[in-house]
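J.: Below is a structure I'd like to ask you about.
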Amino acid sequence: MADDSPSASRAADDPAGGGRGNLPPLRLHVPEPRYRPGDQVDYSHLQIPPAGVQPRPDETCAASETAPLCNDLVRVLDDEHRAVGPWDPKLDPDTLRRMLRAMALTRAFDDRLYRSQRQGKTSFYMKSTGEEATSVATAFALARDDMVFPSYRQQGILIARGYPLEEMVNQIYSNRADKLKGRQLPIMYSAKDYGFFTISGNLATQYPQAVGWAMASAIKGDTRIATSFIGEGSSAEGDFHAAMTFATVYNAPVVLNVVNNQWAISSFSGFAGGERATFAARAMGYGVAGLRVDGNDALAVYAAVRWAADRARANGGPTLIEHFTYRAEGHSTSDDPSAYRSVQEREEWPLGDPIDRLVKHLIGLGEWSAEQQAAMDRDVAEEVKAATKAAEKNGILGHGLHHPFHTMFEDVFEELPWHLEEQAAQAIRERRIKWPQWTPDAPDAPDAPEEGEP
């Protein structure tokens with residue numbers, strides 16, 4: 001019997017099995033960044049609209065009304081550093097100065113702790129240079145008790161909320177005063193009293209956590225909302241989509257931020273889908289409000305986050321915000337960006353530096369000067385220096401002064417079970433064999449490892 005099935009027909013067209021002869025071969029597209037080391041950089045392909053022309057819909061509008069803003073760029077500061085347009089939050093000069101100081105303090109903190117890592121005082125650090133507005137302006141736009149589920153470059157939120165710098169350094173050094181007892185990678189802070197959820201090194205886990213927290217707040221009839229941050233690379237994770245689904249289904253009072261700084265370590269944004277559409281445009285597919293904002297414009301970031309927060313608090317539902325910015329330095333102290341991108345990218349970035357732009361705006365208002373900025377920079381540098389010196393008295397990497405050795409077995413069970421007690425005793429016994437001079441009664445002896453030193 002003859003086989004006249006479709007598969008038999010295809011086989012007849014191509015007996016070799018290598019594809020139909022009358023069709024072109026398929027090709028796999030692999031994204032490639034525009035510029036590599038040594039290349040001349042030209043950002044003329046970026047569409048940067050004028051500041052002040054973007055419409056500002058009502059916070060309670062239908063999500064579909066924000067669709068044009070997902071492909072636009074909300075901007076407030078124009079090329080002359082004036083605040084223009086309907087998104088201008090009209091902040092008073094004192095608030096602008098406080099915001100500027102928090103941004104300057106964040107940069108000073110980053111600079112000094114980066115040097116500390118290079119000096120061997122800690123194993124790891126991550127800077128937020130060029131992205132300070134995305135965190136600091138967000139902190140100013142939210143209520144003090146709103147819950148933040150951060151990624152690892154939102155130290156500006158802690159600093160803006162007044163978290164002690166010394167405590168941050170203690171965590172980075174994993175010393176005896178580290179409230180997390182050395183259990184977290186440096187810079188993965190946790191501060192419940194400051195509404196700052198524990199940072200996780202697993203990408204995008206904070207997104208569904210934030211949505212779940214926001215849903216719980218709504219269930220309880222609370223007034224607090226949640227916000228979360230990921231980088232554009234992490235938006236390719238499944239947790240991003242799970243969070244978006246739950247947020248839209250349950251109308252969760254949450255602000256979801258994607259910080260598009262163009263690079264996920266050495267992978268450019270195209271590997272996360274940035275070649276085909278903006279990251280804010282993903283909001284449209286889920287039926288939630290979306291905004292795309294100039295992430296180097298502190299006033300625009302404030303205005304966008306405040307709009308989304310007010311919307312969430314009015315039971316208008318979630319908002320996805322893309323902060324369009326640039327990672328001015330390496331991903332971390334373990335990264336060398338000169339190996340994969342042109343050094344001119346930072347210099348040529350068309351949206352400038354967020355601190356410099358806010359300084360020029362205040363100067364234009366007659367509320368600031370270059371001399372005052374220089375004095376502020378000196379002041380914040382001294383504040384950071386004092387905090388690090390105080391923290392160093394509690395220990396640095398490799399110098400002992402860590403938490404007691406036994407604490408590695410604690411804080412999981414209310415009462416330590418017998419088998420963990422046995423393991424703790426065995427570990428301490430083996431430690432004494434390796435370092436006979438060590439005793440728990442003399443942890444700070446200079447000629448012996450401290451009780452908690454590995």
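If you're wondering about the labels, chains in the structure tokens are A, B, ... by order shown, residues count from 1 in each chain, ligands from 1 in order shown.
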Counting only C-alpha atoms, which residues in range 305-369 of chain A sit no more than 12 Å from range 41-64 of chain A? For each one, give the nearest pair of atoms and the distance in Å, sorted by chain then residue number, as CSV.

T.:
residue,atom,partner,partner_atom,distance
A:Val305,CA,A:Glu59,CA,11.1
A:Arg306,CA,A:Glu59,CA,9.5
A:Trp307,CA,A:Glu59,CA,6.0
A:Ala308,CA,A:Glu59,CA,7.1
A:Ala309,CA,A:Glu59,CA,8.9
A:Asp310,CA,A:Glu59,CA,6.6
A:Arg311,CA,A:Glu59,CA,4.9
A:Ala312,CA,A:Glu59,CA,8.7
A:Arg313,CA,A:Glu59,CA,9.9
A:Ala314,CA,A:Thr60,CA,7.3
A:Asn315,CA,A:Thr60,CA,8.2
A:Gly316,CA,A:Thr60,CA,5.5
A:Gly317,CA,A:Ala63,CA,8.8
A:Pro318,CA,A:Ala63,CA,9.2
A:Thr319,CA,A:Ala63,CA,8.6
A:Leu320,CA,A:Ala63,CA,10.6
A:Phe324,CA,A:Ile48,CA,10.6
A:Arg341,CA,A:Val41,CA,10.0
A:Ser342,CA,A:Val41,CA,7.3
A:Val343,CA,A:Val41,CA,8.9
A:Gln344,CA,A:Val41,CA,6.1
A:Glu345,CA,A:Val41,CA,6.1
A:Arg346,CA,A:Val41,CA,9.5
A:Glu347,CA,A:Val41,CA,9.2
A:Glu348,CA,A:Val41,CA,7.0
A:Trp349,CA,A:Tyr43,CA,7.3
A:Pro350,CA,A:Tyr43,CA,7.2
A:Leu351,CA,A:Ile48,CA,8.5

J.: Output as a VMD selection string all residues of range 246-425 of chain A that backbone DSSP marks as strand (DSSP E or B).

T.: chain A and resid 254 to 260 263 to 264 267 to 268 289 to 294 319 to 324

J.: Write the residues of the preceding selection, restricted to N, CA and C atoms, as a PDB file, in the first residue's frame.

T.:
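And here's again-v5.pdb as it stands now:
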ATOM      1  N   VAL A 254       2.113  46.606  44.157  1.00  0.00           N
ATOM      2  CA  VAL A 254       3.561  46.450  44.077  1.00  0.00           C
ATOM      3  C   VAL A 254       4.115  47.262  42.915  1.00  0.00           C
ATOM      4  N   VAL A 255       5.310  47.789  43.103  1.00  0.00           N
ATOM      5  CA  VAL A 255       6.039  48.497  42.047  1.00  0.00           C
ATOM      6  C   VAL A 255       7.236  47.628  41.681  1.00  0.00           C
ATOM      7  N   LEU A 256       7.289  47.166  40.454  1.00  0.00           N
ATOM      8  CA  LEU A 256       8.345  46.271  39.997  1.00  0.00           C
ATOM      9  C   LEU A 256       9.297  47.045  39.086  1.00  0.00           C
ATOM     10  N   ASN A 257      10.554  47.095  39.477  1.00  0.00           N
ATOM     11  CA  ASN A 257      11.556  47.892  38.770  1.00  0.00           C
ATOM     12  C   ASN A 257      12.539  47.004  38.023  1.00  0.00           C
ATOM     13  N   VAL A 258      12.792  47.335  36.768  1.00  0.00           N
ATOM     14  CA  VAL A 258      13.852  46.705  35.982  1.00  0.00           C
ATOM     15  C   VAL A 258      14.896  47.779  35.712  1.00  0.00           C
ATOM     16  N   VAL A 259      16.080  47.621  36.300  1.00  0.00           N
ATOM     17  CA  VAL A 259      17.159  48.582  36.079  1.00  0.00           C
ATOM     18  C   VAL A 259      17.944  48.123  34.863  1.00  0.00           C
ATOM     19  N   ASN A 260      17.670  48.751  33.745  1.00  0.00           N
ATOM     20  CA  ASN A 260      18.338  48.398  32.485  1.00  0.00           C
ATOM     21  C   ASN A 260      19.620  49.215  32.380  1.00  0.00           C
ATOM     22  N   TRP A 263      24.134  46.103  30.736  1.00  0.00           N
ATOM     23  CA  TRP A 263      25.031  44.955  30.834  1.00  0.00           C
ATOM     24  C   TRP A 263      24.687  44.077  32.031  1.00  0.00           C
ATOM     25  N   ALA A 264      24.591  42.765  31.794  1.00  0.00           N
ATOM     26  CA  ALA A 264      24.471  41.766  32.856  1.00  0.00           C
ATOM     27  C   ALA A 264      25.822  41.046  32.917  1.00  0.00           C
ATOM     28  N   SER A 267      27.258  40.129  29.503  1.00  0.00           N
ATOM     29  CA  SER A 267      26.207  39.916  28.506  1.00  0.00           C
ATOM     30  C   SER A 267      25.409  41.201  28.332  1.00  0.00           C
ATOM     31  N   PHE A 268      25.342  41.707  27.125  1.00  0.00           N
ATOM     32  CA  PHE A 268      24.609  42.960  26.923  1.00  0.00           C
ATOM     33  C   PHE A 268      23.110  42.684  26.907  1.00  0.00           C
ATOM     34  N   ALA A 289       0.194  48.365  34.255  1.00  0.00           N
ATOM     35  CA  ALA A 289       0.733  49.661  33.871  1.00  0.00           C
ATOM     36  C   ALA A 289       2.247  49.552  33.701  1.00  0.00           C
ATOM     37  N   GLY A 290       2.768  50.315  32.764  1.00  0.00           N
ATOM     38  CA  GLY A 290       4.197  50.300  32.510  1.00  0.00           C
ATOM     39  C   GLY A 290       4.731  51.690  32.234  1.00  0.00           C
ATOM     40  N   LEU A 291       5.954  51.967  32.707  1.00  0.00           N
ATOM     41  CA  LEU A 291       6.625  53.240  32.470  1.00  0.00           C
ATOM     42  C   LEU A 291       8.077  52.963  32.113  1.00  0.00           C
ATOM     43  N   ARG A 292       8.606  53.753  31.212  1.00  0.00           N
ATOM     44  CA  ARG A 292      10.032  53.700  30.889  1.00  0.00           C
ATOM     45  C   ARG A 292      10.597  55.070  31.222  1.00  0.00           C
ATOM     46  N   VAL A 293      11.606  55.103  32.097  1.00  0.00           N
ATOM     47  CA  VAL A 293      12.046  56.371  32.661  1.00  0.00           C
ATOM     48  C   VAL A 293      13.548  56.543  32.478  1.00  0.00           C
ATOM     49  N   ASP A 294      13.970  57.780  32.336  1.00  0.00           N
ATOM     50  CA  ASP A 294      15.385  58.146  32.294  1.00  0.00           C
ATOM     51  C   ASP A 294      15.970  57.876  33.674  1.00  0.00           C
ATOM     52  N   THR A 319       2.703  48.178  38.814  1.00  0.00           N
ATOM     53  CA  THR A 319       3.330  48.928  37.733  1.00  0.00           C
ATOM     54  C   THR A 319       4.721  48.358  37.502  1.00  0.00           C
ATOM     55  N   LEU A 320       5.085  48.203  36.239  1.00  0.00           N
ATOM     56  CA  LEU A 320       6.435  47.803  35.859  1.00  0.00           C
ATOM     57  C   LEU A 320       7.170  49.036  35.350  1.00  0.00           C
ATOM     58  N   ILE A 321       8.311  49.351  35.953  1.00  0.00           N
ATOM     59  CA  ILE A 321       9.095  50.519  35.559  1.00  0.00           C
ATOM     60  C   ILE A 321      10.452  50.057  35.046  1.00  0.00           C
ATOM     61  N   GLU A 322      10.800  50.481  33.846  1.00  0.00           N
ATOM     62  CA  GLU A 322      12.152  50.271  33.331  1.00  0.00           C
ATOM     63  C   GLU A 322      12.961  51.546  33.543  1.00  0.00           C
ATOM     64  N   HIS A 323      14.057  51.424  34.278  1.00  0.00           N
ATOM     65  CA  HIS A 323      14.966  52.549  34.493  1.00  0.00           C
ATOM     66  C   HIS A 323      16.095  52.426  33.461  1.00  0.00           C
ATOM     67  N   PHE A 324      16.084  53.302  32.490  1.00  0.00           N
ATOM     68  CA  PHE A 324      17.061  53.254  31.408  1.00  0.00           C
ATOM     69  C   PHE A 324      18.308  54.001  31.848  1.00  0.00           C
TER      70      PHE A 324
END

J.: Taking only C-alpha atoms into account, produce a table as JSON lines in which each residue of range 265-304 of chain A with an atom at most 12 Å from an atom of range 118-141 of chain A appears once, together with its shortest atom pair and the distance in Å to one decimal, ordered by chain and rising number.

T.:
{"residue": "A:Ile265", "atom": "CA", "partner": "A:Met126", "partner_atom": "CA", "distance": 11.4}
{"residue": "A:Val293", "atom": "CA", "partner": "A:Thr134", "partner_atom": "CA", "distance": 9.7}
{"residue": "A:Asp294", "atom": "CA", "partner": "A:Thr134", "partner_atom": "CA", "distance": 9.2}
{"residue": "A:Gly295", "atom": "CA", "partner": "A:Thr134", "partner_atom": "CA", "distance": 5.8}
{"residue": "A:Asn296", "atom": "CA", "partner": "A:Ala133", "partner_atom": "CA", "distance": 6.0}
{"residue": "A:Asp297", "atom": "CA", "partner": "A:Ala133", "partner_atom": "CA", "distance": 6.8}
{"residue": "A:Ala298", "atom": "CA", "partner": "A:Ala133", "partner_atom": "CA", "distance": 4.9}
{"residue": "A:Leu299", "atom": "CA", "partner": "A:Ala137", "partner_atom": "CA", "distance": 7.3}
{"residue": "A:Ala300", "atom": "CA", "partner": "A:Ala137", "partner_atom": "CA", "distance": 8.7}
{"residue": "A:Val301", "atom": "CA", "partner": "A:Ala137", "partner_atom": "CA", "distance": 6.0}
{"residue": "A:Tyr302", "atom": "CA", "partner": "A:Ala137", "partner_atom": "CA", "distance": 4.9}
{"residue": "A:Ala303", "atom": "CA", "partner": "A:Ala141", "partner_atom": "CA", "distance": 7.5}
{"residue": "A:Ala304", "atom": "CA", "partner": "A:Ala141", "partner_atom": "CA", "distance": 8.7}

J.: For each of A:Thr227, A:Ser369, A:Thr333, A:Ser338, take the minimum atom-to-atom distance to Ala143 in chain A, counting only C-alpha atoms, then give the residue where this is smallest.

T.: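 Checking each of A:Thr227, A:Ser369, A:Thr333, A:Ser338 against Ala143 in chain A, counting only C-alpha atoms, the winner is A:Thr227.
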
J.: As a list of chain:residue names, please: the residues near Asp193 in chain A (cut-off 12 Å, only C-alpha atoms, same-chain neighbours under 5 positions excluded).

T.: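 In the requested form, the answer reads A:Arg144, A:Asp145, A:Asp146, A:Met147, A:Val148, A:Leu158, A:Arg161, A:Gly162, A:Tyr163, A:Pro164, A:Thr198.
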
J.: What's the separation between CA of Gln209 in chain A and CA of Phe240 in chain A, in Å to one decimal place?

T.: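 Computing it gives 10.6 Å between the two atoms.
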
J.: Would you please extract all helix (DSSP H, G or I) residues from range 125-307 of chain A, as assigned by DSSP on the backbone, and give them as a compact mmCIF listing (two decimals) with N, CA and C atoms, in the first residue's frame?

T.:
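Contents of the output file out.txt:
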# COMPACT_ATOMS: atom_id res chain seq x y z
N GLU A 132 22.91 55.73 40.91
CA GLU A 132 22.48 56.17 42.24
C GLU A 132 21.05 56.69 42.25
N ALA A 133 20.63 57.34 41.17
CA ALA A 133 19.28 57.92 41.15
C ALA A 133 18.20 56.85 41.22
N THR A 134 18.46 55.68 40.63
CA THR A 134 17.43 54.65 40.60
C THR A 134 17.06 54.17 42.00
N SER A 135 18.01 54.19 42.92
CA SER A 135 17.72 53.73 44.29
C SER A 135 17.38 54.89 45.22
N VAL A 136 18.17 55.94 45.20
CA VAL A 136 17.96 57.04 46.13
C VAL A 136 16.64 57.75 45.85
N ALA A 137 16.36 58.08 44.60
CA ALA A 137 15.10 58.77 44.27
C ALA A 137 13.91 57.87 44.58
N THR A 138 14.08 56.56 44.40
CA THR A 138 13.01 55.63 44.76
C THR A 138 12.73 55.69 46.26
N ALA A 139 13.80 55.70 47.07
CA ALA A 139 13.62 55.76 48.52
C ALA A 139 12.86 57.02 48.92
N PHE A 140 13.15 58.14 48.27
CA PHE A 140 12.47 59.40 48.58
C PHE A 140 11.00 59.35 48.14
N ALA A 141 10.70 58.60 47.09
CA ALA A 141 9.33 58.56 46.57
C ALA A 141 8.42 57.64 47.36
N GLN A 155 22.13 49.76 47.40
CA GLN A 155 22.61 50.26 48.68
C GLN A 155 22.17 51.69 48.94
N GLY A 156 21.86 52.42 47.87
CA GLY A 156 21.39 53.79 48.03
C GLY A 156 20.09 53.88 48.80
N ILE A 157 19.26 52.85 48.75
CA ILE A 157 18.00 52.88 49.49
C ILE A 157 18.28 52.81 50.99
N LEU A 158 19.17 51.91 51.40
CA LEU A 158 19.54 51.84 52.81
C LEU A 158 20.14 53.15 53.28
N ILE A 159 21.03 53.71 52.48
CA ILE A 159 21.69 54.96 52.86
C ILE A 159 20.68 56.10 52.94
N ALA A 160 19.75 56.17 51.98
CA ALA A 160 18.74 57.22 51.99
C ALA A 160 17.80 57.09 53.18
N LEU A 165 26.05 53.51 58.42
CA LEU A 165 27.10 53.07 57.51
C LEU A 165 28.01 52.05 58.16
N GLU A 166 28.28 52.22 59.44
CA GLU A 166 29.15 51.27 60.13
C GLU A 166 28.57 49.86 60.08
N GLU A 167 27.26 49.74 60.21
CA GLU A 167 26.62 48.42 60.15
C GLU A 167 26.77 47.81 58.76
N MET A 168 26.70 48.65 57.72
CA MET A 168 26.89 48.15 56.37
C MET A 168 28.32 47.63 56.19
N VAL A 169 29.29 48.36 56.73
CA VAL A 169 30.68 47.94 56.60
C VAL A 169 30.93 46.67 57.41
N ASN A 170 30.33 46.56 58.59
CA ASN A 170 30.47 45.34 59.38
C ASN A 170 30.02 44.13 58.57
N GLN A 171 28.92 44.28 57.85
CA GLN A 171 28.43 43.16 57.04
C GLN A 171 29.39 42.86 55.91
N ILE A 172 29.93 43.88 55.29
CA ILE A 172 30.87 43.68 54.18
C ILE A 172 32.13 42.97 54.66
N TYR A 173 32.58 43.30 55.88
CA TYR A 173 33.78 42.68 56.43
C TYR A 173 33.49 41.33 57.09
N LYS A 192 15.47 44.55 58.52
CA LYS A 192 14.02 44.50 58.68
C LYS A 192 13.45 45.82 59.19
N ASP A 193 14.14 46.44 60.14
CA ASP A 193 13.64 47.69 60.72
C ASP A 193 13.64 48.84 59.72
N TYR A 194 14.34 48.67 58.62
CA TYR A 194 14.40 49.70 57.58
C TYR A 194 13.63 49.29 56.32
N GLN A 206 13.61 37.79 44.34
CA GLN A 206 12.93 38.84 45.09
C GLN A 206 11.65 39.31 44.43
N TYR A 207 11.49 39.08 43.14
CA TYR A 207 10.29 39.54 42.44
C TYR A 207 9.02 38.84 42.94
N PRO A 208 8.93 37.53 42.89
CA PRO A 208 7.72 36.89 43.43
C PRO A 208 7.58 37.09 44.93
N GLN A 209 8.68 37.24 45.65
CA GLN A 209 8.59 37.53 47.08
C GLN A 209 7.91 38.87 47.32
N ALA A 210 8.27 39.86 46.53
CA ALA A 210 7.66 41.18 46.67
C ALA A 210 6.18 41.14 46.36
N VAL A 211 5.83 40.42 45.31
CA VAL A 211 4.42 40.31 44.94
C VAL A 211 3.64 39.60 46.04
N GLY A 212 4.22 38.53 46.58
CA GLY A 212 3.55 37.82 47.67
C GLY A 212 3.37 38.69 48.90
N TRP A 213 4.41 39.49 49.23
CA TRP A 213 4.30 40.39 50.38
C TRP A 213 3.20 41.42 50.12
N ALA A 214 3.15 41.95 48.91
CA ALA A 214 2.12 42.95 48.58
C ALA A 214 0.72 42.34 48.65
N MET A 215 0.59 41.11 48.18
CA MET A 215 -0.72 40.42 48.28
C MET A 215 -1.12 40.25 49.73
N ALA A 216 -0.17 39.89 50.59
CA ALA A 216 -0.47 39.73 52.01
C ALA A 216 -0.88 41.05 52.64
N SER A 217 -0.22 42.14 52.23
CA SER A 217 -0.59 43.45 52.74
C SER A 217 -2.03 43.79 52.36
N ALA A 218 -2.40 43.45 51.13
CA ALA A 218 -3.78 43.69 50.69
C ALA A 218 -4.77 42.81 51.44
N ILE A 219 -4.41 41.57 51.65
CA ILE A 219 -5.30 40.65 52.39
C ILE A 219 -5.57 41.17 53.79
N GLY A 233 19.05 41.81 32.83
CA GLY A 233 19.42 40.43 32.56
C GLY A 233 18.56 39.45 33.32
N SER A 234 18.24 39.79 34.57
CA SER A 234 17.42 38.90 35.40
C SER A 234 15.97 38.84 34.93
N SER A 235 15.57 39.77 34.08
CA SER A 235 14.19 39.71 33.58
C SER A 235 13.98 38.53 32.65
N ALA A 236 15.06 37.84 32.28
CA ALA A 236 14.95 36.63 31.48
C ALA A 236 14.70 35.40 32.35
N GLY A 238 12.67 32.92 34.95
CA GLY A 238 11.27 32.52 35.07
C GLY A 238 10.55 33.23 36.21
N ASP A 239 11.28 33.57 37.28
CA ASP A 239 10.65 34.24 38.42
C ASP A 239 10.06 35.59 38.03
N PHE A 240 10.67 36.25 37.03
CA PHE A 240 10.10 37.51 36.55
C PHE A 240 8.68 37.30 36.05
N HIS A 241 8.50 36.28 35.24
CA HIS A 241 7.18 36.04 34.64
C HIS A 241 6.18 35.51 35.66
N ALA A 242 6.64 34.69 36.59
CA ALA A 242 5.75 34.22 37.65
C ALA A 242 5.25 35.40 38.48
N ALA A 243 6.16 36.32 38.79
CA ALA A 243 5.77 37.49 39.57
C ALA A 243 4.77 38.36 38.80
N MET A 244 5.02 38.56 37.54
CA MET A 244 4.11 39.38 36.73
C MET A 244 2.72 38.75 36.64
N THR A 245 2.69 37.44 36.52
CA THR A 245 1.39 36.76 36.43
C THR A 245 0.60 36.94 37.72
N PHE A 246 1.22 36.68 38.86
CA PHE A 246 0.52 36.83 40.14
C PHE A 246 0.14 38.28 40.39
N ALA A 247 1.02 39.21 40.01
CA ALA A 247 0.74 40.63 40.23
C ALA A 247 -0.49 41.08 39.47
N THR A 248 -0.61 40.64 38.23
CA THR A 248 -1.76 41.08 37.42
C THR A 248 -3.04 40.35 37.81
N VAL A 249 -2.93 39.05 38.12
CA VAL A 249 -4.13 38.29 38.48
C VAL A 249 -4.76 38.82 39.76
N SER A 269 22.33 43.75 26.96
CA SER A 269 20.89 43.63 27.17
C SER A 269 20.17 42.84 26.10
N GLY A 270 20.78 42.70 24.93
CA GLY A 270 20.13 41.94 23.87
C GLY A 270 19.88 40.49 24.24
N PHE A 271 20.71 39.93 25.10
CA PHE A 271 20.51 38.54 25.51
C PHE A 271 19.31 38.37 26.43
N ALA A 272 18.79 39.47 26.95
CA ALA A 272 17.57 39.41 27.75
C ALA A 272 16.35 39.86 26.96
N ARG A 282 7.02 44.85 28.31
CA ARG A 282 6.50 43.57 28.81
C ARG A 282 5.25 43.77 29.67
N ALA A 283 5.10 44.96 30.22
CA ALA A 283 3.91 45.24 31.03
C ALA A 283 2.65 45.08 30.20
N MET A 284 2.72 45.47 28.93
CA MET A 284 1.52 45.43 28.09
C MET A 284 1.00 44.01 27.92
N GLY A 285 1.90 43.06 27.80
CA GLY A 285 1.47 41.67 27.62
C GLY A 285 0.77 41.11 28.84
N TYR A 286 1.06 41.67 30.00
CA TYR A 286 0.42 41.19 31.23
C TYR A 286 -0.76 42.06 31.64
N ALA A 298 17.14 62.07 38.38
CA ALA A 298 16.59 61.79 39.71
C ALA A 298 15.15 62.26 39.85
N LEU A 299 14.81 63.38 39.22
CA LEU A 299 13.45 63.88 39.32
C LEU A 299 12.47 63.00 38.56
N ALA A 300 12.90 62.49 37.41
CA ALA A 300 12.04 61.60 36.64
C ALA A 300 11.82 60.28 37.37
N VAL A 301 12.89 59.75 37.97
CA VAL A 301 12.75 58.50 38.74
C VAL A 301 11.79 58.71 39.91
N TYR A 302 11.98 59.81 40.63
CA TYR A 302 11.08 60.12 41.75
C TYR A 302 9.64 60.18 41.27
N ALA A 303 9.42 60.91 40.18
CA ALA A 303 8.05 61.11 39.69
C ALA A 303 7.42 59.79 39.25
N ALA A 304 8.18 58.95 38.57
CA ALA A 304 7.64 57.68 38.09
C ALA A 304 7.32 56.74 39.24
N VAL A 305 8.23 56.63 40.19
CA VAL A 305 7.99 55.73 41.33
C VAL A 305 6.85 56.25 42.19
N ARG A 306 6.80 57.56 42.38
CA ARG A 306 5.70 58.13 43.18
C ARG A 306 4.36 57.88 42.50
N TRP A 307 4.32 58.02 41.18
CA TRP A 307 3.10 57.74 40.42
C TRP A 307 2.68 56.28 40.63
